[in-house]
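Heads up, entry07.cif below (mmCIF, C-alpha atoms):
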data_target
#
loop_
_atom_site.group_PDB
_atom_site.id
_atom_site.type_symbol
_atom_site.label_atom_id
_atom_site.label_comp_id
_atom_site.auth_asym_id
_atom_site.auth_seq_id
_atom_site.Cartn_x
_atom_site.Cartn_y
_atom_site.Cartn_z
ATOM 1 C CA MET A 1 -16.694 26.169 -20.687
ATOM 2 C CA LYS A 2 -18.607 27.723 -17.829
ATOM 3 C CA ASN A 3 -17.272 26.519 -14.517
ATOM 4 C CA ASP A 4 -19.551 28.086 -11.924
ATOM 5 C CA SER A 5 -22.114 25.565 -10.804
ATOM 6 C CA SER A 6 -25.151 27.842 -11.184
ATOM 7 C CA ALA A 7 -24.352 28.596 -14.812
ATOM 8 C CA ALA A 8 -23.249 25.063 -15.540
ATOM 9 C CA SER A 9 -26.416 23.506 -14.138
ATOM 10 C CA ASN A 10 -28.457 25.287 -16.814
ATOM 11 C CA THR A 11 -26.619 23.290 -19.495
ATOM 12 C CA THR A 12 -28.400 20.100 -18.436
ATOM 13 C CA ASP A 13 -31.599 21.164 -20.263
ATOM 14 C CA VAL A 14 -31.561 19.100 -23.455
ATOM 15 C CA SER A 15 -35.156 19.814 -24.564
ATOM 16 C CA HIS A 16 -33.864 21.900 -27.486
ATOM 17 C CA ILE A 17 -31.903 18.970 -28.969
ATOM 18 C CA ALA A 18 -33.628 17.174 -31.837
ATOM 19 C CA PRO A 19 -34.440 13.457 -31.308
ATOM 20 C CA ARG A 20 -32.006 12.405 -34.057
ATOM 21 C CA GLU A 21 -29.186 14.363 -32.410
ATOM 22 C CA LYS A 22 -30.012 12.789 -29.020
ATOM 23 C CA ALA A 23 -29.812 9.354 -30.646
ATOM 24 C CA GLU A 24 -26.417 10.240 -32.158
ATOM 25 C CA ILE A 25 -25.127 11.323 -28.746
ATOM 26 C CA LEU A 26 -26.308 8.080 -27.153
ATOM 27 C CA SER A 27 -24.857 5.916 -29.929
ATOM 28 C CA GLN A 28 -21.436 7.560 -29.498
ATOM 29 C CA ALA A 29 -21.345 6.178 -25.942
ATOM 30 C CA LEU A 30 -21.710 2.575 -27.165
ATOM 31 C CA PRO A 31 -18.000 1.864 -27.863
ATOM 32 C CA TYR A 32 -17.091 3.099 -24.376
ATOM 33 C CA ILE A 33 -19.851 1.065 -22.714
ATOM 34 C CA ARG A 34 -18.598 -2.013 -24.568
ATOM 35 C CA LYS A 35 -14.954 -1.285 -23.667
ATOM 36 C CA PHE A 36 -15.591 -0.726 -19.955
ATOM 37 C CA HIS A 37 -18.391 -3.243 -19.372
ATOM 38 C CA GLY A 38 -17.679 -5.231 -16.198
ATOM 39 C CA LYS A 39 -14.752 -2.990 -15.247
ATOM 40 C CA THR A 40 -14.374 -1.222 -11.892
ATOM 41 C CA ILE A 41 -14.326 2.579 -11.759
ATOM 42 C CA VAL A 42 -13.235 4.163 -8.462
ATOM 43 C CA ILE A 43 -14.550 7.698 -7.930
ATOM 44 C CA LYS A 44 -13.213 10.147 -5.334
ATOM 45 C CA TYR A 45 -16.225 12.349 -4.575
ATOM 46 C CA GLY A 46 -15.527 15.797 -3.158
ATOM 47 C CA GLY A 47 -15.562 19.539 -3.748
ATOM 48 C CA ASN A 48 -18.545 21.436 -5.151
ATOM 49 C CA ALA A 49 -20.051 18.202 -6.440
ATOM 50 C CA MET A 50 -20.683 17.286 -2.792
ATOM 51 C CA THR A 51 -22.229 20.591 -1.715
ATOM 52 C CA ASP A 52 -24.218 21.950 -4.689
ATOM 53 C CA PRO A 53 -27.696 20.319 -4.763
ATOM 54 C CA GLU A 54 -27.912 20.197 -8.575
ATOM 55 C CA LEU A 55 -24.430 18.698 -8.865
ATOM 56 C CA GLN A 56 -25.232 16.187 -6.115
ATOM 57 C CA LYS A 57 -28.224 15.013 -8.145
ATOM 58 C CA ASP A 58 -26.165 14.842 -11.355
ATOM 59 C CA PHE A 59 -23.456 12.841 -9.580
ATOM 60 C CA ALA A 60 -25.903 10.296 -8.168
ATOM 61 C CA GLU A 61 -27.623 9.856 -11.538
ATOM 62 C CA ASP A 62 -24.255 9.344 -13.243
ATOM 63 C CA VAL A 63 -23.191 6.679 -10.733
ATOM 64 C CA VAL A 64 -26.477 4.810 -11.178
ATOM 65 C CA LEU A 65 -26.285 5.028 -14.972
ATOM 66 C CA LEU A 66 -22.736 3.636 -14.957
ATOM 67 C CA LYS A 67 -23.922 0.686 -12.850
ATOM 68 C CA LEU A 68 -26.937 0.045 -15.070
ATOM 69 C CA VAL A 69 -24.861 -0.078 -18.273
ATOM 70 C CA GLY A 70 -22.546 -2.675 -16.763
ATOM 71 C CA LEU A 71 -19.702 -0.788 -15.086
ATOM 72 C CA ASN A 72 -18.852 -1.213 -11.385
ATOM 73 C CA PRO A 73 -18.543 2.191 -9.694
ATOM 74 C CA VAL A 74 -17.051 2.438 -6.203
ATOM 75 C CA VAL A 75 -17.359 5.806 -4.435
ATOM 76 C CA VAL A 76 -14.844 7.132 -1.890
ATOM 77 C CA HIS A 77 -15.920 10.422 -0.314
ATOM 78 C CA GLY A 78 -14.233 13.173 1.634
ATOM 79 C CA GLY A 79 -15.813 15.661 4.020
ATOM 80 C CA GLY A 80 -13.283 18.275 5.181
ATOM 81 C CA PRO A 81 -15.648 21.282 5.037
ATOM 82 C CA GLN A 82 -18.383 19.370 6.881
ATOM 83 C CA ILE A 83 -15.918 18.339 9.608
ATOM 84 C CA GLU A 84 -14.698 21.920 9.955
ATOM 85 C CA GLY A 85 -18.285 23.166 10.166
ATOM 86 C CA LEU A 86 -19.220 20.843 13.023
ATOM 87 C CA LEU A 87 -15.989 21.549 14.921
ATOM 88 C CA SER A 88 -16.771 25.265 14.670
ATOM 89 C CA LYS A 89 -20.280 24.701 16.015
ATOM 90 C CA LEU A 90 -18.771 22.808 18.935
ATOM 91 C CA GLY A 91 -16.373 25.686 19.570
ATOM 92 C CA LYS A 92 -13.330 23.568 18.769
ATOM 93 C CA LYS A 93 -10.738 25.403 16.717
ATOM 94 C CA GLY A 94 -8.955 23.266 14.153
ATOM 95 C CA GLU A 95 -5.181 22.971 14.469
ATOM 96 C CA PHE A 96 -3.081 22.291 11.392
ATOM 97 C CA ILE A 97 0.569 21.318 10.913
ATOM 98 C CA GLN A 98 1.916 21.772 7.393
ATOM 99 C CA GLY A 99 -1.634 21.810 6.055
ATOM 100 C CA MET A 100 -2.730 18.614 7.840
ATOM 101 C CA ARG A 101 -5.401 18.573 10.535
ATOM 102 C CA VAL A 102 -4.219 17.569 14.012
ATOM 103 C CA THR A 103 -6.736 14.913 15.067
ATOM 104 C CA ASP A 104 -6.961 14.346 18.808
ATOM 105 C CA ALA A 105 -9.459 11.875 20.316
ATOM 106 C CA GLU A 106 -12.264 14.454 20.520
ATOM 107 C CA THR A 107 -11.707 15.563 16.936
ATOM 108 C CA MET A 108 -11.647 11.922 15.805
ATOM 109 C CA ASP A 109 -15.096 11.420 17.335
ATOM 110 C CA VAL A 110 -16.348 14.321 15.217
ATOM 111 C CA VAL A 111 -14.588 12.981 12.104
ATOM 112 C CA GLU A 112 -16.245 9.569 12.515
ATOM 113 C CA TRP A 113 -19.651 11.093 13.188
ATOM 114 C CA VAL A 114 -19.437 13.312 10.091
ATOM 115 C CA LEU A 115 -17.788 10.914 7.625
ATOM 116 C CA ALA A 116 -19.322 7.580 8.641
ATOM 117 C CA GLY A 117 -22.626 9.172 9.617
ATOM 118 C CA GLU A 118 -23.885 12.376 8.070
ATOM 119 C CA VAL A 119 -21.866 12.555 4.833
ATOM 120 C CA GLN A 120 -21.900 8.854 4.034
ATOM 121 C CA GLN A 121 -25.628 8.535 4.544
ATOM 122 C CA ASP A 122 -26.251 11.623 2.409
ATOM 123 C CA VAL A 123 -24.287 10.029 -0.455
ATOM 124 C CA VAL A 124 -26.003 6.655 -0.002
ATOM 125 C CA GLY A 125 -29.391 8.376 0.059
ATOM 126 C CA LEU A 126 -28.691 10.364 -3.114
ATOM 127 C CA ILE A 127 -27.684 7.249 -5.053
ATOM 128 C CA ASN A 128 -30.649 5.255 -3.765
ATOM 129 C CA ALA A 129 -33.033 8.107 -4.642
ATOM 130 C CA ALA A 130 -31.628 8.050 -8.185
ATOM 131 C CA GLY A 131 -32.556 4.362 -8.499
ATOM 132 C CA GLY A 132 -29.346 2.678 -7.370
ATOM 133 C CA LYS A 133 -28.588 0.351 -4.468
ATOM 134 C CA ALA A 134 -25.810 1.963 -2.437
ATOM 135 C CA VAL A 135 -24.257 0.580 0.748
ATOM 136 C CA GLY A 136 -22.086 2.623 3.108
ATOM 137 C CA LEU A 137 -18.785 1.224 4.424
ATOM 138 C CA THR A 138 -15.919 2.394 6.590
ATOM 139 C CA GLY A 139 -12.485 0.812 6.724
ATOM 140 C CA ARG A 140 -13.664 -1.241 9.720
ATOM 141 C CA ASP A 141 -16.284 -3.118 7.698
ATOM 142 C CA GLY A 142 -14.912 -6.477 6.648
ATOM 143 C CA GLY A 143 -11.530 -5.453 8.064
ATOM 144 C CA MET A 144 -11.084 -3.430 4.892
ATOM 145 C CA ILE A 145 -8.553 -0.678 5.769
ATOM 146 C CA ARG A 146 -5.789 -1.411 8.262
ATOM 147 C CA ALA A 147 -3.833 1.689 9.218
ATOM 148 C CA LYS A 148 -1.039 3.055 11.381
ATOM 149 C CA LYS A 149 -0.228 6.499 12.739
ATOM 150 C CA LEU A 150 1.050 8.892 10.084
ATOM 151 C CA MET A 151 4.063 10.909 11.198
ATOM 152 C CA VAL A 152 4.658 14.082 9.176
ATOM 153 C CA GLN A 153 8.208 14.935 8.205
ATOM 154 C CA ASP A 154 9.130 18.557 8.909
ATOM 155 C CA LYS A 155 9.427 20.521 5.667
ATOM 156 C CA ASP A 156 12.517 22.377 6.918
ATOM 157 C CA ASP A 157 14.225 19.663 8.969
ATOM 158 C CA PRO A 158 14.002 16.130 7.476
ATOM 159 C CA ASN A 159 15.224 14.648 10.772
ATOM 160 C CA LYS A 160 12.184 16.003 12.623
ATOM 161 C CA GLU A 161 8.703 14.446 12.600
ATOM 162 C CA HIS A 162 5.358 15.834 13.779
ATOM 163 C CA ASP A 163 2.725 13.751 15.599
ATOM 164 C CA ILE A 164 -0.670 14.889 14.295
ATOM 165 C CA GLY A 165 -2.770 12.471 16.339
ATOM 166 C CA GLN A 166 -5.193 9.959 14.851
ATOM 167 C CA VAL A 167 -4.302 10.622 11.237
ATOM 168 C CA GLY A 168 -3.496 7.387 9.479
ATOM 169 C CA ASP A 169 -1.337 5.879 6.792
ATOM 170 C CA ILE A 170 -2.647 2.759 5.038
ATOM 171 C CA VAL A 171 -0.992 -0.527 5.971
ATOM 172 C CA SER A 172 -3.199 -2.755 3.810
ATOM 173 C CA ILE A 173 -6.594 -2.907 2.114
ATOM 174 C CA ASP A 174 -8.693 -6.081 1.936
ATOM 175 C CA PRO A 175 -11.280 -5.439 -0.807
ATOM 176 C CA SER A 176 -13.330 -8.613 -0.146
ATOM 177 C CA VAL A 177 -16.385 -6.777 1.197
ATOM 178 C CA VAL A 178 -16.365 -4.328 -1.735
ATOM 179 C CA LYS A 179 -16.152 -7.166 -4.259
ATOM 180 C CA ALA A 180 -18.979 -9.048 -2.527
ATOM 181 C CA LEU A 181 -21.220 -5.979 -2.759
ATOM 182 C CA GLN A 182 -20.333 -5.426 -6.405
ATOM 183 C CA ASP A 183 -21.207 -9.033 -7.224
ATOM 184 C CA ASP A 184 -24.659 -8.468 -5.708
ATOM 185 C CA GLN A 185 -25.172 -5.318 -7.819
ATOM 186 C CA PHE A 186 -24.686 -2.889 -4.940
ATOM 187 C CA ILE A 187 -22.710 0.357 -5.184
ATOM 188 C CA PRO A 188 -20.160 0.639 -2.333
ATOM 189 C CA VAL A 189 -19.731 4.076 -0.722
ATOM 190 C CA VAL A 190 -16.527 4.175 1.350
ATOM 191 C CA SER A 191 -15.656 6.583 4.180
ATOM 192 C CA PRO A 192 -11.875 7.107 4.581
ATOM 193 C CA ILE A 193 -11.573 5.767 8.122
ATOM 194 C CA GLY A 194 -9.159 2.965 8.984
ATOM 195 C CA PHE A 195 -8.382 1.009 12.145
ATOM 196 C CA GLY A 196 -5.098 0.215 13.906
ATOM 197 C CA GLU A 197 -3.691 -2.849 15.631
ATOM 198 C CA HIS A 198 -5.236 -1.781 18.955
ATOM 199 C CA ASN A 199 -8.645 -1.083 17.362
ATOM 200 C CA GLU A 200 -8.034 2.677 17.334
ATOM 201 C CA SER A 201 -9.605 4.738 14.550
ATOM 202 C CA TYR A 202 -7.617 6.737 12.004
ATOM 203 C CA ASN A 203 -8.680 9.540 9.698
ATOM 204 C CA ILE A 204 -7.059 8.938 6.287
ATOM 205 C CA ASN A 205 -6.787 11.288 3.324
ATOM 206 C CA ALA A 206 -9.661 10.347 0.999
ATOM 207 C CA ASP A 207 -7.522 10.800 -2.132
ATOM 208 C CA VAL A 208 -5.039 8.266 -0.746
ATOM 209 C CA VAL A 209 -7.826 5.786 0.089
ATOM 210 C CA ALA A 210 -9.330 6.143 -3.397
ATOM 211 C CA ALA A 211 -5.948 5.579 -5.062
ATOM 212 C CA LYS A 212 -5.043 2.539 -2.939
ATOM 213 C CA LEU A 213 -8.515 1.031 -3.339
ATOM 214 C CA ALA A 214 -8.334 1.506 -7.113
ATOM 215 C CA THR A 215 -5.005 -0.320 -7.088
ATOM 216 C CA VAL A 216 -6.130 -3.357 -5.069
ATOM 217 C CA LEU A 217 -9.378 -3.618 -7.059
ATOM 218 C CA LYS A 218 -7.375 -3.450 -10.318
ATOM 219 C CA ALA A 219 -9.702 -0.662 -11.423
ATOM 220 C CA GLU A 220 -9.923 0.402 -15.035
ATOM 221 C CA LYS A 221 -10.130 4.063 -14.031
ATOM 222 C CA LEU A 222 -9.684 6.302 -11.017
ATOM 223 C CA LEU A 223 -11.626 9.567 -11.217
ATOM 224 C CA MET A 224 -10.912 12.378 -8.745
ATOM 225 C CA LEU A 225 -13.533 15.145 -8.678
ATOM 226 C CA THR A 226 -12.098 18.564 -7.801
ATOM 227 C CA ASN A 227 -13.082 22.240 -7.686
ATOM 228 C CA ILE A 228 -10.760 23.162 -10.536
ATOM 229 C CA ARG A 229 -10.538 22.178 -14.205
ATOM 230 C CA GLY A 230 -7.647 19.816 -13.450
ATOM 231 C CA VAL A 231 -3.957 20.516 -12.950
ATOM 232 C CA LEU A 232 -3.127 24.014 -14.176
ATOM 233 C CA ASP A 233 0.200 25.546 -15.137
ATOM 234 C CA LYS A 234 1.419 28.907 -13.780
ATOM 235 C CA GLU A 235 -0.544 30.741 -16.487
ATOM 236 C CA GLY A 236 -3.742 28.948 -15.476
ATOM 237 C CA GLN A 237 -3.835 26.741 -18.557
ATOM 238 C CA LEU A 238 -5.086 23.180 -18.228
ATOM 239 C CA LEU A 239 -2.450 20.444 -18.439
ATOM 240 C CA THR A 240 -4.385 17.617 -20.101
ATOM 241 C CA GLU A 241 -1.723 14.942 -19.580
ATOM 242 C CA LEU A 242 1.078 14.502 -17.034
ATOM 243 C CA THR A 243 3.905 12.060 -16.363
ATOM 244 C CA PRO A 244 5.782 11.539 -13.063
ATOM 245 C CA ARG A 245 8.821 13.453 -14.364
ATOM 246 C CA ARG A 246 6.696 16.460 -15.341
ATOM 247 C CA ILE A 247 4.876 16.311 -11.997
ATOM 248 C CA ASP A 248 8.199 16.403 -10.111
ATOM 249 C CA GLU A 249 9.100 19.564 -12.026
ATOM 250 C CA LEU A 250 5.741 21.186 -11.202
ATOM 251 C CA VAL A 251 6.089 20.356 -7.482
ATOM 252 C CA GLU A 252 9.656 21.673 -7.461
ATOM 253 C CA ASP A 253 8.656 25.056 -8.934
ATOM 254 C CA GLY A 254 5.550 25.361 -6.723
ATOM 255 C CA THR A 255 2.960 24.961 -9.481
ATOM 256 C CA ILE A 256 1.564 21.907 -7.658
ATOM 257 C CA SER A 257 1.265 22.552 -3.925
ATOM 258 C CA GLY A 258 -0.930 22.174 -0.832
ATOM 259 C CA GLY A 259 -3.855 19.780 -1.035
ATOM 260 C CA MET A 260 -3.084 18.920 -4.662
ATOM 261 C CA ILE A 261 0.134 17.095 -3.647
ATOM 262 C CA PRO A 262 -1.484 14.026 -1.966
ATOM 263 C CA LYS A 263 -4.031 13.885 -4.790
ATOM 264 C CA ILE A 264 -1.266 13.801 -7.401
ATOM 265 C CA ALA A 265 0.892 11.382 -5.373
ATOM 266 C CA GLY A 266 -2.015 8.967 -5.068
ATOM 267 C CA ALA A 267 -2.746 9.297 -8.784
ATOM 268 C CA ILE A 268 0.858 8.449 -9.718
ATOM 269 C CA ASP A 269 0.939 5.442 -7.371
ATOM 270 C CA ALA A 270 -2.296 4.116 -8.852
ATOM 271 C CA ALA A 271 -1.088 4.614 -12.431
ATOM 272 C CA LYS A 272 2.222 2.876 -11.698
ATOM 273 C CA SER A 273 0.402 0.011 -9.964
ATOM 274 C CA GLY A 274 -1.816 -1.002 -12.852
ATOM 275 C CA VAL A 275 -4.824 1.362 -12.867
ATOM 276 C CA ASN A 276 -5.201 1.992 -16.605
ATOM 277 C CA ALA A 277 -6.225 5.645 -16.425
ATOM 278 C CA VAL A 278 -6.258 8.236 -13.647
ATOM 279 C CA HIS A 279 -8.203 11.438 -14.234
ATOM 280 C CA ILE A 280 -8.432 14.607 -12.144
ATOM 281 C CA ILE A 281 -11.635 16.217 -13.381
ATOM 282 C CA ASP A 282 -13.776 19.285 -12.783
ATOM 283 C CA GLY A 283 -16.628 18.260 -10.498
ATOM 284 C CA ARG A 284 -18.344 21.601 -11.130
ATOM 285 C CA VAL A 285 -19.246 20.533 -14.663
ATOM 286 C CA PRO A 286 -22.625 18.742 -14.732
ATOM 287 C CA HIS A 287 -22.231 15.059 -15.648
ATOM 288 C CA ALA A 288 -18.437 15.452 -15.892
ATOM 289 C CA MET A 289 -17.990 11.752 -15.072
ATOM 290 C CA LEU A 290 -20.148 10.581 -17.965
ATOM 291 C CA LEU A 291 -18.405 12.949 -20.338
ATOM 292 C CA GLU A 292 -15.019 11.637 -19.208
ATOM 293 C CA ILE A 293 -15.908 7.920 -19.293
ATOM 294 C CA LEU A 294 -18.438 7.601 -22.120
ATOM 295 C CA SER A 295 -17.162 10.136 -24.647
ATOM 296 C CA ASP A 296 -13.913 11.322 -26.238
ATOM 297 C CA GLN A 297 -14.190 14.670 -24.448
ATOM 298 C CA ALA A 298 -11.451 15.433 -21.895
ATOM 299 C CA TYR A 299 -12.633 17.305 -18.808
ATOM 300 C CA GLY A 300 -9.461 17.360 -16.760
ATOM 301 C CA THR A 301 -5.928 16.028 -16.425
ATOM 302 C CA MET A 302 -4.918 12.446 -17.130
ATOM 303 C CA ILE A 303 -1.974 11.019 -15.180
ATOM 304 C CA ARG A 304 0.201 8.499 -17.051
ATOM 305 C CA SER A 305 2.722 6.191 -15.396
ATOM 306 C CA HIS A 306 5.509 7.067 -17.843
#
Turn this file's structure into structure tokens for me.
Amino acid sequence: MKNDSSAASNTTDVSHIAPREKAEILSQALPYIRKFHGKTIVIKYGGNAMTDPELQKDFAEDVVLLKLVGLNPVVVHGGGPQIEGLLSKLGKKGEFIQGMRVTDAETMDVVEWVLAGEVQQDVVGLINAAGGKAVGLTGRDGGMIRAKKLMVQDKDDPNKEHDIGQVGDIVSIDPSVVKALQDDQFIPVVSPIGFGEHNESYNINADVVAAKLATVLKAEKLLMLTNIRGVLDKEGQLLTELTPRRIDELVEDGTISGGMIPKIAGAIDAAKSGVNAVHIIDGRVPHAMLLEILSDQAYGTMIRSH
């Protein structure tokens, strides 16, 4: 499988496929469409799929197709690189503690402008241009995501905690506004911003928001788009299926580290809380979502609850 986006995008040309073969491919999707009809699919949108124009177009078309065949996609997006880019333009150097961005009031203004403004509207526009009806939301809309300050435990001293500013931990999610939009055939696009008891804003890890939202919506699937093929072992081989026990071993030996840890933690929580399937998939592969949902092809790692 070619994983660079430029090479991969060329694989979307299907003009060489005979009509009968195209019909066979379409008919193979029927059992999956029947199985998942009316079910909610939560998609964490990030990585190359958000920045490569061809992959952006593929993503939007996939989301619209899923809606049209009777599934209910909900998109949760990130935006770390875009936030970093604007902070750099403003001459503000990002500060990180144990890999997490320190978010002071000025940085939070930038985060809200980028996530709830620029990035969200780009995603909404892409889906609408592909023939869907997308609506952008933040955690404030409908009182959806209530949050509190996230304190980070020191990796060397468990008795010490770091204050990283307006970075939030989810207290609760009220999915009423998402469900109302779904019932009216809209596609919700959620920015990972929550609000606290004093109306303060919090930047929340988008993987965590996607996992919690999938749980409260009782989603059939949670799909997390990444810039890698899935979870890899130390030899770089794809691990197609993982359990919590195996994940603990991989974290302990350093195979899973950095930004993959909250992604995996959220995936396990969702799987244990009733989401039927959690997939970490390669967003650099054109139409990876369709291949994962509507075929028997595996394009990443599936997390099981046991």
Item checked: Residue contacts of region 214-224 of chain A (9 Å, only C-alpha atoms) excluding same-chain residues fewer than 2 positions away, as an MDAnalysis selection string -> chainID A and resid 36 39:46 74 173:175 178:179 207 209:212 226 263 267 269:271 273:283 289 292:293
Note to self: Using only C-alpha atoms, which protein or nucleic acid residues come within 6 Å of region 186-195 of chain A? Drop anything in the same chain fewer than 5 positions from it, and give the result as a ChimeraX atom specification.
What the structure shows: /A:74-77,115-116,133-139,145-147,181,200-204,206
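If you measure from each of A:Gln297, A:Thr51, A:Gln98, A:Asn72 to Gln153 (chain A) using all atoms listed in the file, the closest one turns out to be A:Gln98.
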Item checked: Expected selection from the PyMOL selection byres ((chain A and resi 86) around 12), given as a list in words ->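 Checked against the file, the PyMOL selection byres ((chain A and resi 86) around 12) matches Gly79, Gly80, Pro81, Gln82, Ile83, Glu84, Gly85, Leu87, Ser88, Lys89, Leu90, Gly91, Lys92, Lys93, Gly94, Thr107, Asp109, Val110, Val111, Glu112, Trp113, Val114, Leu115, Glu118 and Val119 of chain A.
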Note to self: Under the rule that only C-alpha atoms are counted, which of A:Val167, A:Leu66, A:Val251, A:Ala49 is the nearest residue to Ala29 (chain A)?
What the structure shows: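 Under the stated criterion, the closest residue is A:Leu66.
One finds CA of Gln166 (chain A) at 7.7 Å from CA of Val102 (chain A).
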Item checked: Expansion of the PyMOL selection byres ((chain A and resi 151) around 7) into residues, as JSON, numbers by chain -> {"A": [149, 150, 152, 153, 161, 162, 163, 164]}
Can you spit out the residues from that selection as a short mmCIF file (atom, residue, chain, number, x, y, z; two decimals), in the frame of the given file, using C-alpha atoms?
data_model
loop_
_atom_site.label_atom_id
_atom_site.label_comp_id
_atom_site.auth_asym_id
_atom_site.auth_seq_id
_atom_site.Cartn_x
_atom_site.Cartn_y
_atom_site.Cartn_z
CA LYS A 149 -0.23 6.50 12.74
CA LEU A 150 1.05 8.89 10.08
CA VAL A 152 4.66 14.08 9.18
CA GLN A 153 8.21 14.94 8.20
CA GLU A 161 8.70 14.45 12.60
CA HIS A 162 5.36 15.83 13.78
CA ASP A 163 2.72 13.75 15.60
CA ILE A 164 -0.67 14.89 14.30
#
